Every structure is written in structure tokens, then in C-alpha cells.
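data05.csv follows; it contains CSV, C-alpha atoms and all ligand atoms.
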chain,number,residue,atom,x,y,z
A,24,MET,CA,111.8,-46.6,109.0
A,25,ARG,CA,110.3,-44.3,106.4
A,26,ALA,CA,107.1,-45.1,104.7
A,27,PRO,CA,107.4,-46.1,101.0
A,28,THR,CA,106.8,-43.3,98.6
A,29,THR,CA,105.3,-43.5,95.2
A,30,GLN,CA,107.8,-41.0,93.8
A,31,ALA,CA,110.7,-42.1,91.6
A,32,SER,CA,113.1,-42.0,94.6
A,33,HIS,CA,114.7,-45.3,95.6
A,34,SER,CA,115.4,-44.0,99.1
A,35,ASN,CA,113.0,-46.0,101.2
A,36,LEU,CA,112.9,-49.2,103.2
A,37,SER,CA,115.8,-51.1,101.7
A,38,THR,CA,118.4,-48.5,102.6
A,39,ASP,CA,117.5,-48.7,106.2
A,40,GLY,CA,119.1,-52.1,106.8
A,41,ALA,CA,116.3,-54.3,105.5
A,42,TYR,CA,116.7,-56.3,102.3
A,43,PRO,CA,115.6,-54.9,98.9
A,44,VAL,CA,112.4,-56.3,97.6
A,45,GLY,CA,112.7,-59.7,95.7
A,46,LEU,CA,110.9,-59.1,92.4
A,47,SER,CA,109.9,-62.2,90.5
A,48,PHE,CA,107.8,-63.0,87.4
A,49,ASP,CA,106.5,-66.5,86.6
A,50,VAL,CA,106.6,-66.7,82.9
A,51,GLU,CA,104.1,-69.0,81.3
A,52,GLU,CA,101.5,-68.7,78.5
A,53,HIS,CA,98.0,-67.8,79.8
A,54,ASP,CA,96.5,-71.2,78.9
A,55,ARG,CA,99.0,-73.0,81.2
A,56,ILE,CA,97.4,-71.6,84.4
A,57,GLU,CA,96.2,-74.3,86.8
A,58,THR,CA,92.6,-73.1,86.6
A,59,ALA,CA,92.6,-73.9,82.9
A,60,ALA,CA,94.2,-77.3,83.2
A,61,HIS,CA,90.8,-79.1,82.5
A,62,LEU,CA,90.1,-77.1,79.3
A,63,SER,CA,91.2,-78.1,75.9
A,64,VAL,CA,92.5,-74.9,74.3
A,65,GLY,CA,92.7,-74.8,70.5
A,66,ALA,CA,95.9,-74.4,68.6
A,67,GLU,CA,95.0,-70.9,67.4
A,68,LEU,CA,94.2,-69.6,70.9
A,69,LYS,CA,97.4,-71.2,72.2
A,70,GLU,CA,99.3,-69.3,69.5
A,71,THR,CA,97.6,-66.1,70.5
A,72,TYR,CA,98.5,-66.5,74.1
A,73,ALA,CA,102.1,-67.4,73.2
A,74,ARG,CA,102.4,-64.2,71.1
A,75,ARG,CA,100.8,-62.1,73.9
A,76,MET,CA,103.1,-63.6,76.5
A,77,GLU,CA,106.1,-62.6,74.5
A,78,ASP,CA,104.8,-59.0,73.9
A,79,THR,CA,103.8,-58.5,77.5
A,80,THR,CA,107.1,-59.9,78.8
A,81,ASN,CA,108.9,-57.5,76.5
A,82,TRP,CA,106.8,-54.7,78.0
A,83,LEU,CA,107.9,-55.8,81.5
A,84,LEU,CA,111.5,-55.9,80.4
A,85,ASP,CA,111.2,-52.4,79.0
A,86,GLN,CA,109.7,-51.1,82.3
A,87,LEU,CA,112.5,-52.7,84.3
A,88,GLY,CA,115.2,-51.5,81.9
A,89,ALA,CA,114.0,-47.9,82.0
A,90,ARG,CA,114.4,-47.9,85.8
A,91,GLY,CA,117.6,-49.9,86.0
A,92,ILE,CA,115.7,-52.6,88.0
A,93,ARG,CA,116.9,-56.3,87.8
A,94,ALA,CA,114.5,-59.1,88.7
A,95,THR,CA,114.1,-62.8,88.5
A,96,PHE,CA,112.1,-64.5,85.7
A,97,PHE,CA,111.0,-68.1,86.6
A,98,VAL,CA,110.5,-69.4,83.1
A,99,VAL,CA,108.8,-72.6,81.9
A,100,GLY,CA,111.5,-74.6,80.3
A,101,GLN,CA,109.6,-75.2,77.0
A,102,ILE,CA,109.6,-71.4,76.6
A,103,ALA,CA,113.4,-71.5,76.2
A,104,ARG,CA,112.8,-73.7,73.2
A,105,SER,CA,109.8,-71.7,71.7
A,106,HIS,CA,111.1,-68.2,72.6
A,107,PRO,CA,114.9,-68.3,72.9
A,108,ARG,CA,115.3,-64.7,72.0
A,109,LEU,CA,113.0,-63.6,74.8
A,110,VAL,CA,114.8,-65.7,77.4
A,111,ARG,CA,118.2,-64.6,76.2
A,112,ARG,CA,117.0,-60.9,76.5
A,113,MET,CA,116.3,-61.5,80.2
A,114,ALA,CA,119.8,-62.7,80.9
A,115,GLU,CA,121.5,-60.1,78.7
A,116,GLU,CA,119.7,-57.4,80.6
A,117,GLY,CA,121.0,-58.6,83.9
A,118,HIS,CA,117.9,-60.5,85.1
A,119,GLU,CA,118.1,-63.9,86.7
A,120,VAL,CA,116.4,-66.7,84.8
A,121,GLY,CA,115.2,-69.4,87.2
A,122,SER,CA,113.2,-72.5,86.6
A,123,HIS,CA,109.4,-72.7,86.6
A,124,SER,CA,109.4,-76.4,85.7
A,125,TRP,CA,109.5,-77.9,82.2
A,126,GLU,CA,105.8,-77.6,81.2
A,127,HIS,CA,104.0,-76.1,84.2
A,128,LYS,CA,102.6,-79.2,85.8
A,129,ARG,CA,102.0,-79.1,89.5
A,130,VAL,CA,104.6,-81.1,91.6
A,131,HIS,CA,101.7,-83.3,92.8
A,132,GLN,CA,101.6,-84.9,89.4
A,133,PHE,CA,105.1,-86.3,89.7
A,134,ASP,CA,107.0,-88.8,91.9
A,135,ALA,CA,110.6,-87.9,92.9
A,136,SER,CA,112.2,-89.5,89.9
A,137,SER,CA,109.9,-88.0,87.2
A,138,PHE,CA,110.1,-84.6,88.9
A,139,ARG,CA,113.9,-84.9,88.8
A,140,GLU,CA,113.7,-85.5,85.1
A,141,ASP,CA,111.3,-82.5,84.6
A,142,LEU,CA,113.5,-80.2,86.6
A,143,ARG,CA,116.6,-81.3,84.8
A,144,ARG,CA,115.0,-80.7,81.4
A,145,SER,CA,113.9,-77.2,82.3
A,146,MET,CA,117.3,-76.3,83.8
A,147,ASP,CA,119.2,-77.6,80.8
A,148,ALA,CA,117.0,-75.8,78.3
A,149,LEU,CA,117.1,-72.5,80.2
A,150,SER,CA,120.9,-72.5,80.8
A,151,GLU,CA,121.6,-73.5,77.2
A,152,VAL,CA,119.9,-70.3,76.0
A,153,THR,CA,121.2,-68.0,78.7
A,154,GLY,CA,124.7,-69.4,79.1
A,155,GLN,CA,124.1,-69.2,82.9
A,156,PRO,CA,123.4,-71.8,85.5
A,157,VAL,CA,119.9,-72.0,87.0
A,158,VAL,CA,120.1,-71.6,90.8
A,159,GLY,CA,116.5,-71.0,91.8
A,160,PHE,CA,113.1,-72.7,91.4
A,161,ARG,CA,109.4,-71.7,91.7
A,162,ALA,CA,106.9,-74.5,91.5
A,163,PRO,CA,103.8,-74.0,89.3
A,164,THR,CA,100.9,-73.0,91.6
A,165,PHE,CA,103.2,-73.0,94.7
A,166,SER,CA,102.9,-76.8,94.7
A,167,VAL,CA,105.7,-77.5,97.1
A,168,VAL,CA,103.6,-78.4,100.1
A,169,ARG,CA,103.5,-81.1,102.9
A,170,GLN,CA,102.4,-83.7,100.5
A,171,THR,CA,105.2,-83.0,98.0
A,172,SER,CA,108.0,-82.6,100.6
A,173,TRP,CA,110.2,-85.0,98.6
A,174,ALA,CA,110.6,-82.2,96.0
A,175,ILE,CA,112.9,-80.4,98.5
A,176,ASP,CA,115.3,-83.3,98.3
A,177,VAL,CA,115.2,-83.3,94.5
A,178,LEU,CA,115.8,-79.5,94.3
A,179,ALA,CA,118.7,-79.6,96.8
A,180,GLU,CA,120.2,-82.6,95.0
A,181,ALA,CA,120.0,-80.8,91.6
A,182,GLY,CA,122.4,-78.2,93.1
A,183,LEU,CA,120.0,-75.3,93.4
A,184,LEU,CA,120.8,-72.4,95.7
A,185,TYR,CA,117.2,-71.7,96.8
A,186,ASP,CA,113.5,-72.5,96.3
A,187,SER,CA,110.7,-69.9,96.3
A,188,SER,CA,107.6,-72.1,96.2
A,189,ILE,CA,106.3,-72.1,99.7
A,190,PHE,CA,103.4,-69.8,100.5
A,191,PRO,CA,102.8,-69.7,104.3
A,192,VAL,CA,99.0,-69.3,103.9
A,193,ARG,CA,95.9,-71.3,104.2
A,194,HIS,CA,94.4,-71.6,100.7
A,195,ASP,CA,92.3,-74.1,98.8
A,196,ARG,CA,94.9,-74.9,96.2
A,197,TYR,CA,98.3,-74.4,97.9
A,198,GLY,CA,100.0,-73.2,101.1
A,199,VAL,CA,101.8,-74.4,104.2
A,200,PRO,CA,100.2,-72.1,106.8
A,201,GLU,CA,102.6,-73.0,109.6
A,202,ALA,CA,105.8,-72.4,107.6
A,203,PRO,CA,108.0,-69.4,108.7
A,204,ARG,CA,107.2,-66.1,106.9
A,205,SER,CA,110.9,-65.1,106.7
A,206,ALA,CA,113.7,-66.9,104.9
A,207,PHE,CA,114.2,-70.4,106.4
A,208,ILE,CA,116.0,-73.7,105.9
A,209,VAL,CA,113.4,-76.1,104.7
A,210,GLU,CA,114.0,-79.8,105.5
A,211,GLY,CA,112.8,-82.4,103.1
A,212,GLU,CA,113.1,-86.1,103.8
A,213,ARG,CA,116.9,-86.3,103.8
A,214,ASN,CA,118.1,-83.0,102.4
A,215,GLU,CA,117.6,-79.3,103.0
A,216,LEU,CA,117.5,-76.1,101.0
A,217,LEU,CA,117.2,-72.3,101.5
A,218,GLU,CA,113.6,-71.2,101.1
A,219,LEU,CA,112.5,-67.7,100.3
A,220,PRO,CA,108.7,-67.8,100.9
A,221,LEU,CA,106.2,-65.5,99.3
A,222,LEU,CA,105.3,-62.3,101.1
A,223,THR,CA,102.4,-62.5,103.5
A,224,LEU,CA,100.7,-59.9,105.7
A,225,ARG,CA,99.8,-60.9,109.2
A,226,ALA,CA,96.4,-59.4,109.9
A,227,LEU,CA,93.2,-60.5,111.7
A,228,GLY,CA,95.1,-63.5,113.2
A,229,GLN,CA,96.1,-65.0,109.8
A,230,ASN,CA,98.6,-64.8,107.0
A,231,LEU,CA,97.2,-63.1,104.0
A,232,PRO,CA,98.9,-63.8,100.6
A,233,VAL,CA,99.8,-60.3,99.6
A,234,ALA,CA,102.8,-61.2,97.4
A,235,GLY,CA,100.9,-60.8,94.1
A,236,GLY,CA,98.0,-62.4,92.3
A,237,GLY,CA,94.5,-61.5,93.2
A,238,TYR,CA,95.6,-59.5,96.3
A,239,PHE,CA,97.7,-57.2,94.0
A,240,ARG,CA,94.9,-56.9,91.5
A,241,LEU,CA,91.9,-56.6,93.8
A,242,PHE,CA,93.0,-54.7,96.8
A,243,PRO,CA,94.6,-51.2,97.1
A,244,LEU,CA,98.4,-51.2,96.6
A,245,ALA,CA,98.6,-50.2,100.3
A,246,VAL,CA,97.8,-53.8,101.3
A,247,MET,CA,101.0,-55.1,99.6
A,248,GLN,CA,102.9,-52.1,100.9
A,249,ARG,CA,101.9,-52.9,104.4
A,250,GLY,CA,103.2,-56.5,103.9
A,251,ILE,CA,106.5,-55.1,102.7
A,252,ARG,CA,106.8,-52.9,105.8
A,253,GLN,CA,106.1,-55.8,108.1
A,254,ALA,CA,108.7,-57.9,106.3
A,255,ALA,CA,111.3,-55.1,106.8
A,256,ARG,CA,110.8,-55.3,110.5
A,257,ARG,CA,111.5,-59.1,110.8
A,258,SER,CA,115.0,-60.4,110.5
A,259,HIS,CA,116.2,-62.2,107.3
A,260,SER,CA,112.9,-61.5,105.8
A,261,PRO,CA,113.0,-60.0,102.3
A,262,ALA,CA,109.6,-59.3,100.8
A,263,VAL,CA,109.2,-61.7,97.8
A,264,LEU,CA,106.7,-60.6,95.2
A,265,TYR,CA,105.4,-62.5,92.1
A,266,PHE,CA,103.6,-61.5,89.0
A,267,HIS,CA,102.7,-63.2,85.7
A,268,PRO,CA,103.0,-61.5,82.2
A,269,TRP,CA,99.3,-62.4,81.5
A,270,GLU,CA,98.2,-60.2,84.5
A,271,PHE,CA,99.4,-57.2,82.5
A,272,ASP,CA,97.5,-58.0,79.4
A,273,PRO,CA,94.0,-56.5,79.8
A,274,ASP,CA,92.9,-57.1,76.2
A,275,GLN,CA,93.7,-60.8,76.0
A,276,PRO,CA,90.9,-63.2,75.0
A,277,ARG,CA,89.3,-64.7,78.2
A,278,LEU,CA,89.5,-68.4,78.9
A,279,PRO,CA,86.0,-70.1,79.4
A,280,LEU,CA,86.4,-70.5,83.2
A,281,SER,CA,83.8,-71.1,85.9
A,282,ARG,CA,82.4,-67.9,87.5
A,283,LEU,CA,84.7,-68.0,90.6
A,284,SER,CA,87.8,-68.9,88.6
A,285,ARG,CA,87.0,-66.2,86.1
A,286,PHE,CA,86.7,-63.6,88.9
A,287,ARG,CA,90.0,-64.8,90.5
A,288,THR,CA,91.8,-64.8,87.2
A,289,TYR,CA,90.7,-61.5,85.7
A,290,VAL,CA,89.8,-59.3,88.6
A,291,GLY,CA,91.6,-56.0,88.3
A,292,VAL,CA,93.7,-56.7,85.2
A,293,LYS,CA,92.8,-53.4,83.8
A,294,ARG,CA,94.7,-51.5,86.5
A,295,THR,CA,97.7,-53.7,86.9
A,296,ARG,CA,100.1,-51.9,84.5
A,297,GLY,CA,99.7,-48.5,86.2
A,298,ARG,CA,99.9,-50.2,89.6
A,299,LEU,CA,103.1,-52.0,88.7
A,300,VAL,CA,104.8,-48.8,87.5
A,301,LYS,CA,103.9,-47.2,90.8
A,302,LEU,CA,105.3,-50.1,92.7
A,303,LEU,CA,108.5,-50.1,90.6
A,304,ASP,CA,109.1,-46.4,91.4
A,305,GLY,CA,108.6,-46.9,95.1
A,306,TYR,CA,111.2,-49.5,96.2
A,307,GLN,CA,114.6,-51.0,95.6
A,308,PHE,CA,114.4,-54.4,94.0
A,309,THR,CA,116.8,-57.2,93.5
A,310,PRO,CA,116.8,-60.6,91.8
A,311,MET,CA,116.1,-63.5,94.1
A,312,ARG,CA,119.5,-65.0,93.4
A,313,GLU,CA,121.2,-62.1,95.1
A,314,LEU,CA,118.9,-62.2,98.1
A,315,ALA,CA,119.6,-65.9,98.4
A,316,GLN,CA,123.4,-65.4,98.2
A,317,GLN,CA,123.3,-62.7,100.9
A,318,ILE,CA,121.0,-64.7,103.2
A,319,ALA,CA,122.9,-68.0,102.6
A,320,GLN,CA,125.8,-66.4,104.5
A,321,LYS,CA,123.6,-66.2,107.6
A,322,ARG,CA,122.5,-69.8,107.3
A,323,ASP,CA,123.1,-70.5,111.0
A,324,GLU,CA,120.7,-67.7,112.1
A,325,LEU,CA,117.8,-68.9,110.0
A,326,PRO,CA,114.8,-70.8,111.4
A,327,ARG,CA,114.5,-74.4,110.3
A,328,PHE,CA,111.3,-76.0,109.2
A,329,ARG,CA,110.6,-79.6,108.5
A,330,LEU,CA,108.3,-80.0,105.5
A,331,ALA,CA,108.4,-83.8,105.5
A,332,SER,CA,106.1,-85.3,108.1
A,333,LYS,CA,108.6,-87.7,109.7
B,401,ZN,ZN,103.1,-70.5,86.9

Turn the structure described in the file into C-alpha cells.
Amino acid sequence: MRAPTTQASHSNLSTDGAYPVGLSFDVEEHDRIETAAHLSVGAELKETYARRMEDTTNWLLDQLGARGIRATFFVVGQIARSHPRLVRRMAEEGHEVGSHSWEHKRVHQFDASSFREDLRRSMDALSEVTGQPVVGFRAPTFSVVRQTSWAIDVLAEAGLLYDSSIFPVRHDRYGVPEAPRSAFIVEGERNELLELPLLTLRALGQNLPVAGGGYFRLFPLAVMQRGIRQAARRSHSPAVLYFHPWEFDPDQPRLPLSRLSRFRTYVGVKRTRGRLVKLLDGYQFTPMRELAQQIAQKRDELPRFRLASK
């Protein structure tokens, strides 16, 4: 296995029998982030964030297009209504459009029946705009956890091919630390689904969430690259990465967050554009849907993990 390069060659890792890297973007306006849920953001600022989300997502699409890279955009359903052109562009350029719920509420705020309704609304709105079925889901704030295991039943019964919401880490807001780090079959209360968990790095006896977020912005890129190398050594273990448009918008107005949240949210946003470009030039990437289709053929070889407690 060769080490990943930062040159524009796509000759590393994924050609050596491992999977290409699963590249995903969770598309929401900045004021929808969980840390800001308690704030009342004025209409003018909301409009600003909506405009900046559109501009930054177009920048991301330009970067991917210039390199012939296709990815997955997990989009908040309401954005299909407010920005249909943007969502259509994703599909037209060969990207997968998956669901990131209807309005970015955590799964904890629903019961099975209201979650089903929320999911259905988002899937309908997205596929209406793209003309393609939605087959993948990413929960806001990775909120598919033990407590919300019924969500797996709802997702499976909605006909989805895969979920990518489980983060096998210990974290104050999300995480299922004992879940497998490679692709697995997740069992809900009565149904099951293919799960593509977010990338972790095993170090110092624990799983570190190196798939994106603060780890991408705060630590050297080498940390994420190490996680990608580890994943390539495990079987059925594509590295799944996630980013948000607002993380690539260093000049956006800041939300009035507490000091810790402010640090977590904005650390490193000035260097993310350059860092992403470097990453894009270093690996082969693929939309999550294609990983899921490939891995679903080896279903019998995958580990099973029961998320529901009984
Ligand atoms: Zn989100």
C-alpha cells in the first residue's frame, strides 16, 4: 500500500484493492447547526446564511467538477424548495443527492411516526427536483444512536439502500462507541439496513472522529490521512468523510455562541479551502451510493450490530 500523495495523481490507496473514499457534504444553512438551536436568528441573518450556503456549495461543485470527482450531498429537504437550481445542479453533474432530513431536527425530537413523515417529506422534495430516487440518509448531528434505534426500522421501511449516521465514537452529543468501524448491517427493532459509519482513527485505545468537522479543521491533514490508511487495511471498510458548506466560508458572520461552541464551530475555517483542495487531489473518491451498491453485494460477509437494546 502506497502512502497518499498530495499531488494531482489518483494513483494511491483505492487502486490497491481498497475502496475509494466516500465523500459526503451535509448541506444546511449555517444557522441550522445543532449548537445554534437555542438561538433565535433574525430573518436578515438567515437570508445571509442561505445566500452564502448557495455560493459556497457552488464553489464546492466547481472544485469537484474541475477534478472529475463525484460525491454525495445529503441535503435538507427544505433546501430543495428554496434552492431547486442548486440541488438540480448536484444531480446534473453526477453527484448523489441523499436526505439530511426535512428541516434538520435531530432524530431525538421525533417518534417513529413523525420521523417517517419528516423523512418522506424530504425524500419527496429532493427527488422531485432531481428526478432521481433518494437511497441514502444522514441524520442531523449523527443522531441515530441507541436511544433512537427505531429510526433504523423507519429508514429500512422507506426503501433506503443505506444509512450513514452512526459515528462509532464517544462524544457528548452523539456516537455509538461500540459500533463496528467498517460497513455493517445495523439491526433496529424489527428491520435492518446497511450502515456506512463515519471514519474513525483508532489511537491511544479509542476511536477518534477523524471523518471531518473539528478534526479536519483543527489537526493536520495527516491525522485524517492516517484514518484513511487504517480503513484501507480493514475489509469492507471504505473511509467515509463529511463536510459542510459553511466550513468553507471563512468570512461568514459568526453566530453568538458560547465560548466552547464558538471554538468548536469556527476553529480552522480559514484554512479549510486549501486543505480540501489538497485532499481532493490526493485520493479517488466516490458517491456513497456507489459504495453501498458495491458493499451490498457482500452483505453476508459484513458484521451485524444490534442498535436496539432488546
Ligand atoms: Zn447537518

Hey, which residues sit close to ligand ZN 401 (chain B)? Say within 10 Å, counting all atoms listed in the file, and write them as a short mmCIF file (atom, residue, chain, number, x, y, z; two decimals) with C-alpha atoms, in the frame of the given file.
data_model
loop_
_atom_site.label_atom_id
_atom_site.label_comp_id
_atom_site.auth_asym_id
_atom_site.auth_seq_id
_atom_site.Cartn_x
_atom_site.Cartn_y
_atom_site.Cartn_z
CA PHE A 48 107.80 -63.00 87.40
CA ASP A 49 106.50 -66.50 86.60
CA VAL A 50 106.60 -66.70 82.90
CA GLU A 51 104.10 -69.00 81.30
CA GLU A 52 101.50 -68.70 78.50
CA HIS A 53 98.00 -67.80 79.80
CA ARG A 55 99.00 -73.00 81.20
CA ILE A 56 97.40 -71.60 84.40
CA GLU A 57 96.20 -74.30 86.80
CA PHE A 97 111.00 -68.10 86.60
CA VAL A 98 110.50 -69.40 83.10
CA VAL A 99 108.80 -72.60 81.90
CA HIS A 123 109.40 -72.70 86.60
CA SER A 124 109.40 -76.40 85.70
CA GLU A 126 105.80 -77.60 81.20
CA HIS A 127 104.00 -76.10 84.20
CA LYS A 128 102.60 -79.20 85.80
CA ARG A 129 102.00 -79.10 89.50
CA ARG A 161 109.40 -71.70 91.70
CA ALA A 162 106.90 -74.50 91.50
CA PRO A 163 103.80 -74.00 89.30
CA THR A 164 100.90 -73.00 91.60
CA PHE A 165 103.20 -73.00 94.70
CA TYR A 265 105.40 -62.50 92.10
CA PHE A 266 103.60 -61.50 89.00
CA HIS A 267 102.70 -63.20 85.70
#

Contact table stretch 173-276 of chain A vs stretch 73-82 of chain A, cut-off 7 Å, shortest pair per residue, only C-alpha atoms, as CSV:
residue,atom,partner,partner_atom,distance
A:Pro268,CA,A:Thr80,CA,5.6
A:Trp269,CA,A:Met76,CA,6.4
A:Phe271,CA,A:Thr79,CA,6.8
A:Asp272,CA,A:Thr79,CA,6.6

Can you pull out the residues contacting A:Leu87? Cut-off 12 Å, using only C-alpha atoms, and skip same-chain residues under 2 positions away; I want them as a VMD selection string. chain A and resid 46 to 48 80 to 85 89 to 96 113 116 to 118 299 to 300 302 to 304 307 to 310

Nearest residue to A:Ser150 from the set A:Gln253, A:Ser136, A:Ser205, A:Ser122 (distances using only C-alpha atoms): A:Ser122

Residue contacts of stretch 314-330 of chain A (9 Å, all atoms listed in the file) excluding same-chain residues fewer than 3 positions away, as a PDB file with C-alpha atoms, in the coordinates of the input:
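As written to disk, around.pdb reads:
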ATOM      1  CA  TYR A  42     116.700 -56.300 102.300  1.00  0.00           C
ATOM      2  CA  PRO A  43     115.600 -54.900  98.900  1.00  0.00           C
ATOM      3  CA  VAL A  44     112.400 -56.300  97.600  1.00  0.00           C
ATOM      4  CA  GLY A  45     112.700 -59.700  95.700  1.00  0.00           C
ATOM      5  CA  GLY A 159     116.500 -71.000  91.800  1.00  0.00           C
ATOM      6  CA  VAL A 168     103.600 -78.400 100.100  1.00  0.00           C
ATOM      7  CA  ARG A 169     103.500 -81.100 102.900  1.00  0.00           C
ATOM      8  CA  GLN A 170     102.400 -83.700 100.500  1.00  0.00           C
ATOM      9  CA  THR A 171     105.200 -83.000  98.000  1.00  0.00           C
ATOM     10  CA  SER A 172     108.000 -82.600 100.600  1.00  0.00           C
ATOM     11  CA  TRP A 173     110.200 -85.000  98.600  1.00  0.00           C
ATOM     12  CA  ILE A 175     112.900 -80.400  98.500  1.00  0.00           C
ATOM     13  CA  LEU A 184     120.800 -72.400  95.700  1.00  0.00           C
ATOM     14  CA  TYR A 185     117.200 -71.700  96.800  1.00  0.00           C
ATOM     15  CA  VAL A 199     101.800 -74.400 104.200  1.00  0.00           C
ATOM     16  CA  ALA A 202     105.800 -72.400 107.600  1.00  0.00           C
ATOM     17  CA  PRO A 203     108.000 -69.400 108.700  1.00  0.00           C
ATOM     18  CA  SER A 205     110.900 -65.100 106.700  1.00  0.00           C
ATOM     19  CA  ALA A 206     113.700 -66.900 104.900  1.00  0.00           C
ATOM     20  CA  PHE A 207     114.200 -70.400 106.400  1.00  0.00           C
ATOM     21  CA  ILE A 208     116.000 -73.700 105.900  1.00  0.00           C
ATOM     22  CA  VAL A 209     113.400 -76.100 104.700  1.00  0.00           C
ATOM     23  CA  GLU A 210     114.000 -79.800 105.500  1.00  0.00           C
ATOM     24  CA  GLY A 211     112.800 -82.400 103.100  1.00  0.00           C
ATOM     25  CA  GLU A 212     113.100 -86.100 103.800  1.00  0.00           C
ATOM     26  CA  GLU A 215     117.600 -79.300 103.000  1.00  0.00           C
ATOM     27  CA  LEU A 217     117.200 -72.300 101.500  1.00  0.00           C
ATOM     28  CA  GLU A 218     113.600 -71.200 101.100  1.00  0.00           C
ATOM     29  CA  LEU A 219     112.500 -67.700 100.300  1.00  0.00           C
ATOM     30  CA  SER A 258     115.000 -60.400 110.500  1.00  0.00           C
ATOM     31  CA  HIS A 259     116.200 -62.200 107.300  1.00  0.00           C
ATOM     32  CA  PRO A 261     113.000 -60.000 102.300  1.00  0.00           C
ATOM     33  CA  THR A 309     116.800 -57.200  93.500  1.00  0.00           C
ATOM     34  CA  PRO A 310     116.800 -60.600  91.800  1.00  0.00           C
ATOM     35  CA  MET A 311     116.100 -63.500  94.100  1.00  0.00           C
ATOM     36  CA  LYS A 333     108.600 -87.700 109.700  1.00  0.00           C
TER      37      LYS A 333
END

Any idea what's packed within 10 Å of stretch 242-248 of chain A, counting only C-alpha atoms, ignoring anything in its chain fewer than 3 positions away? Could you give it as number ranges by chain? A: 26-28, 222-224, 231-235, 237-239, 251-254, 262, 264, 290-291, 298-299, 301-302, 305-306

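For the residues A:Ala226, A:Val263, A:Leu280, A:Ala66, ranking by smallest atom-to-atom distance to A:Arg249 using only C-alpha atoms places A:Ala226 first.
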
For stretch 296-318 of chain A, where the input has fewer atoms than it should, I would like N, CA and C atoms rebuilt and written as an mmCIF file, in the frame of the given file.
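The resulting file, result.cif, is reproduced below:
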data_model
loop_
_atom_site.group_PDB
_atom_site.id
_atom_site.type_symbol
_atom_site.label_atom_id
_atom_site.label_comp_id
_atom_site.auth_asym_id
_atom_site.auth_seq_id
_atom_site.Cartn_x
_atom_site.Cartn_y
_atom_site.Cartn_z
ATOM 1 N N ARG A 296 98.887 -52.501 85.031
ATOM 2 C CA ARG A 296 100.100 -51.900 84.500
ATOM 3 C C ARG A 296 100.436 -50.599 85.230
ATOM 4 N N GLY A 297 99.438 -49.753 85.470
ATOM 5 C CA GLY A 297 99.700 -48.500 86.200
ATOM 6 C C GLY A 297 100.152 -48.811 87.630
ATOM 7 N N ARG A 298 99.578 -49.837 88.206
ATOM 8 C CA ARG A 298 99.900 -50.200 89.600
ATOM 9 C C ARG A 298 101.338 -50.723 89.687
ATOM 10 N N LEU A 299 101.752 -51.511 88.708
ATOM 11 C CA LEU A 299 103.100 -52.000 88.700
ATOM 12 C C LEU A 299 104.142 -50.899 88.597
ATOM 13 N N VAL A 300 103.849 -49.962 87.696
ATOM 14 C CA VAL A 300 104.800 -48.800 87.500
ATOM 15 C C VAL A 300 104.931 -48.061 88.804
ATOM 16 N N LYS A 301 103.818 -47.870 89.503
ATOM 17 C CA LYS A 301 103.900 -47.200 90.800
ATOM 18 C C LYS A 301 104.738 -47.928 91.794
ATOM 19 N N LEU A 302 104.561 -49.232 91.808
ATOM 20 C CA LEU A 302 105.300 -50.100 92.700
ATOM 21 C C LEU A 302 106.825 -50.015 92.368
ATOM 22 N N LEU A 303 107.131 -50.116 91.082
ATOM 23 C CA LEU A 303 108.500 -50.100 90.600
ATOM 24 C C LEU A 303 109.232 -48.818 91.024
ATOM 25 N N ASP A 304 108.462 -47.726 91.044
ATOM 26 C CA ASP A 304 109.100 -46.400 91.400
ATOM 27 C C ASP A 304 109.207 -46.239 92.891
ATOM 28 N N GLY A 305 108.666 -47.147 93.685
ATOM 29 C CA GLY A 305 108.600 -46.900 95.100
ATOM 30 C C GLY A 305 109.621 -47.696 95.969
ATOM 31 N N TYR A 306 110.313 -48.663 95.390
ATOM 32 C CA TYR A 306 111.200 -49.500 96.200
ATOM 33 C C TYR A 306 112.499 -49.810 95.478
ATOM 34 N N GLN A 307 113.433 -50.368 96.250
ATOM 35 C CA GLN A 307 114.600 -51.000 95.600
ATOM 36 C C GLN A 307 114.325 -52.445 95.459
ATOM 37 N N PHE A 308 114.687 -52.971 94.306
ATOM 38 C CA PHE A 308 114.400 -54.400 94.000
ATOM 39 C C PHE A 308 115.691 -55.110 93.692
ATOM 40 N N THR A 309 115.614 -56.414 93.805
ATOM 41 C CA THR A 309 116.800 -57.200 93.500
ATOM 42 C C THR A 309 116.336 -58.589 92.983
ATOM 43 N N PRO A 310 117.154 -59.224 92.143
ATOM 44 C CA PRO A 310 116.800 -60.600 91.800
ATOM 45 C C PRO A 310 116.883 -61.516 92.983
ATOM 46 N N MET A 311 116.125 -62.565 92.973
ATOM 47 C CA MET A 311 116.100 -63.500 94.100
ATOM 48 C C MET A 311 117.421 -64.153 94.360
ATOM 49 N N ARG A 312 118.154 -64.409 93.296
ATOM 50 C CA ARG A 312 119.500 -65.000 93.400
ATOM 51 C C ARG A 312 120.364 -64.235 94.383
ATOM 52 N N GLU A 313 120.303 -62.904 94.232
ATOM 53 C CA GLU A 313 121.200 -62.100 95.100
ATOM 54 C C GLU A 313 120.722 -62.051 96.525
ATOM 55 N N LEU A 314 119.411 -62.096 96.730
ATOM 56 C CA LEU A 314 118.900 -62.200 98.100
ATOM 57 C C LEU A 314 119.389 -63.535 98.702
ATOM 58 N N ALA A 315 119.282 -64.589 97.898
ATOM 59 C CA ALA A 315 119.600 -65.900 98.400
ATOM 60 C C ALA A 315 121.136 -65.973 98.732
ATOM 61 N N GLN A 316 121.968 -65.364 97.884
ATOM 62 C CA GLN A 316 123.400 -65.400 98.200
ATOM 63 C C GLN A 316 123.721 -64.649 99.462
ATOM 64 N N GLN A 317 123.035 -63.502 99.652
ATOM 65 C CA GLN A 317 123.300 -62.700 100.900
ATOM 66 C C GLN A 317 122.793 -63.474 102.107
ATOM 67 N N ILE A 318 121.596 -64.044 102.020
ATOM 68 C CA ILE A 318 121.000 -64.700 103.200
ATOM 69 C C ILE A 318 121.718 -66.034 103.481
#
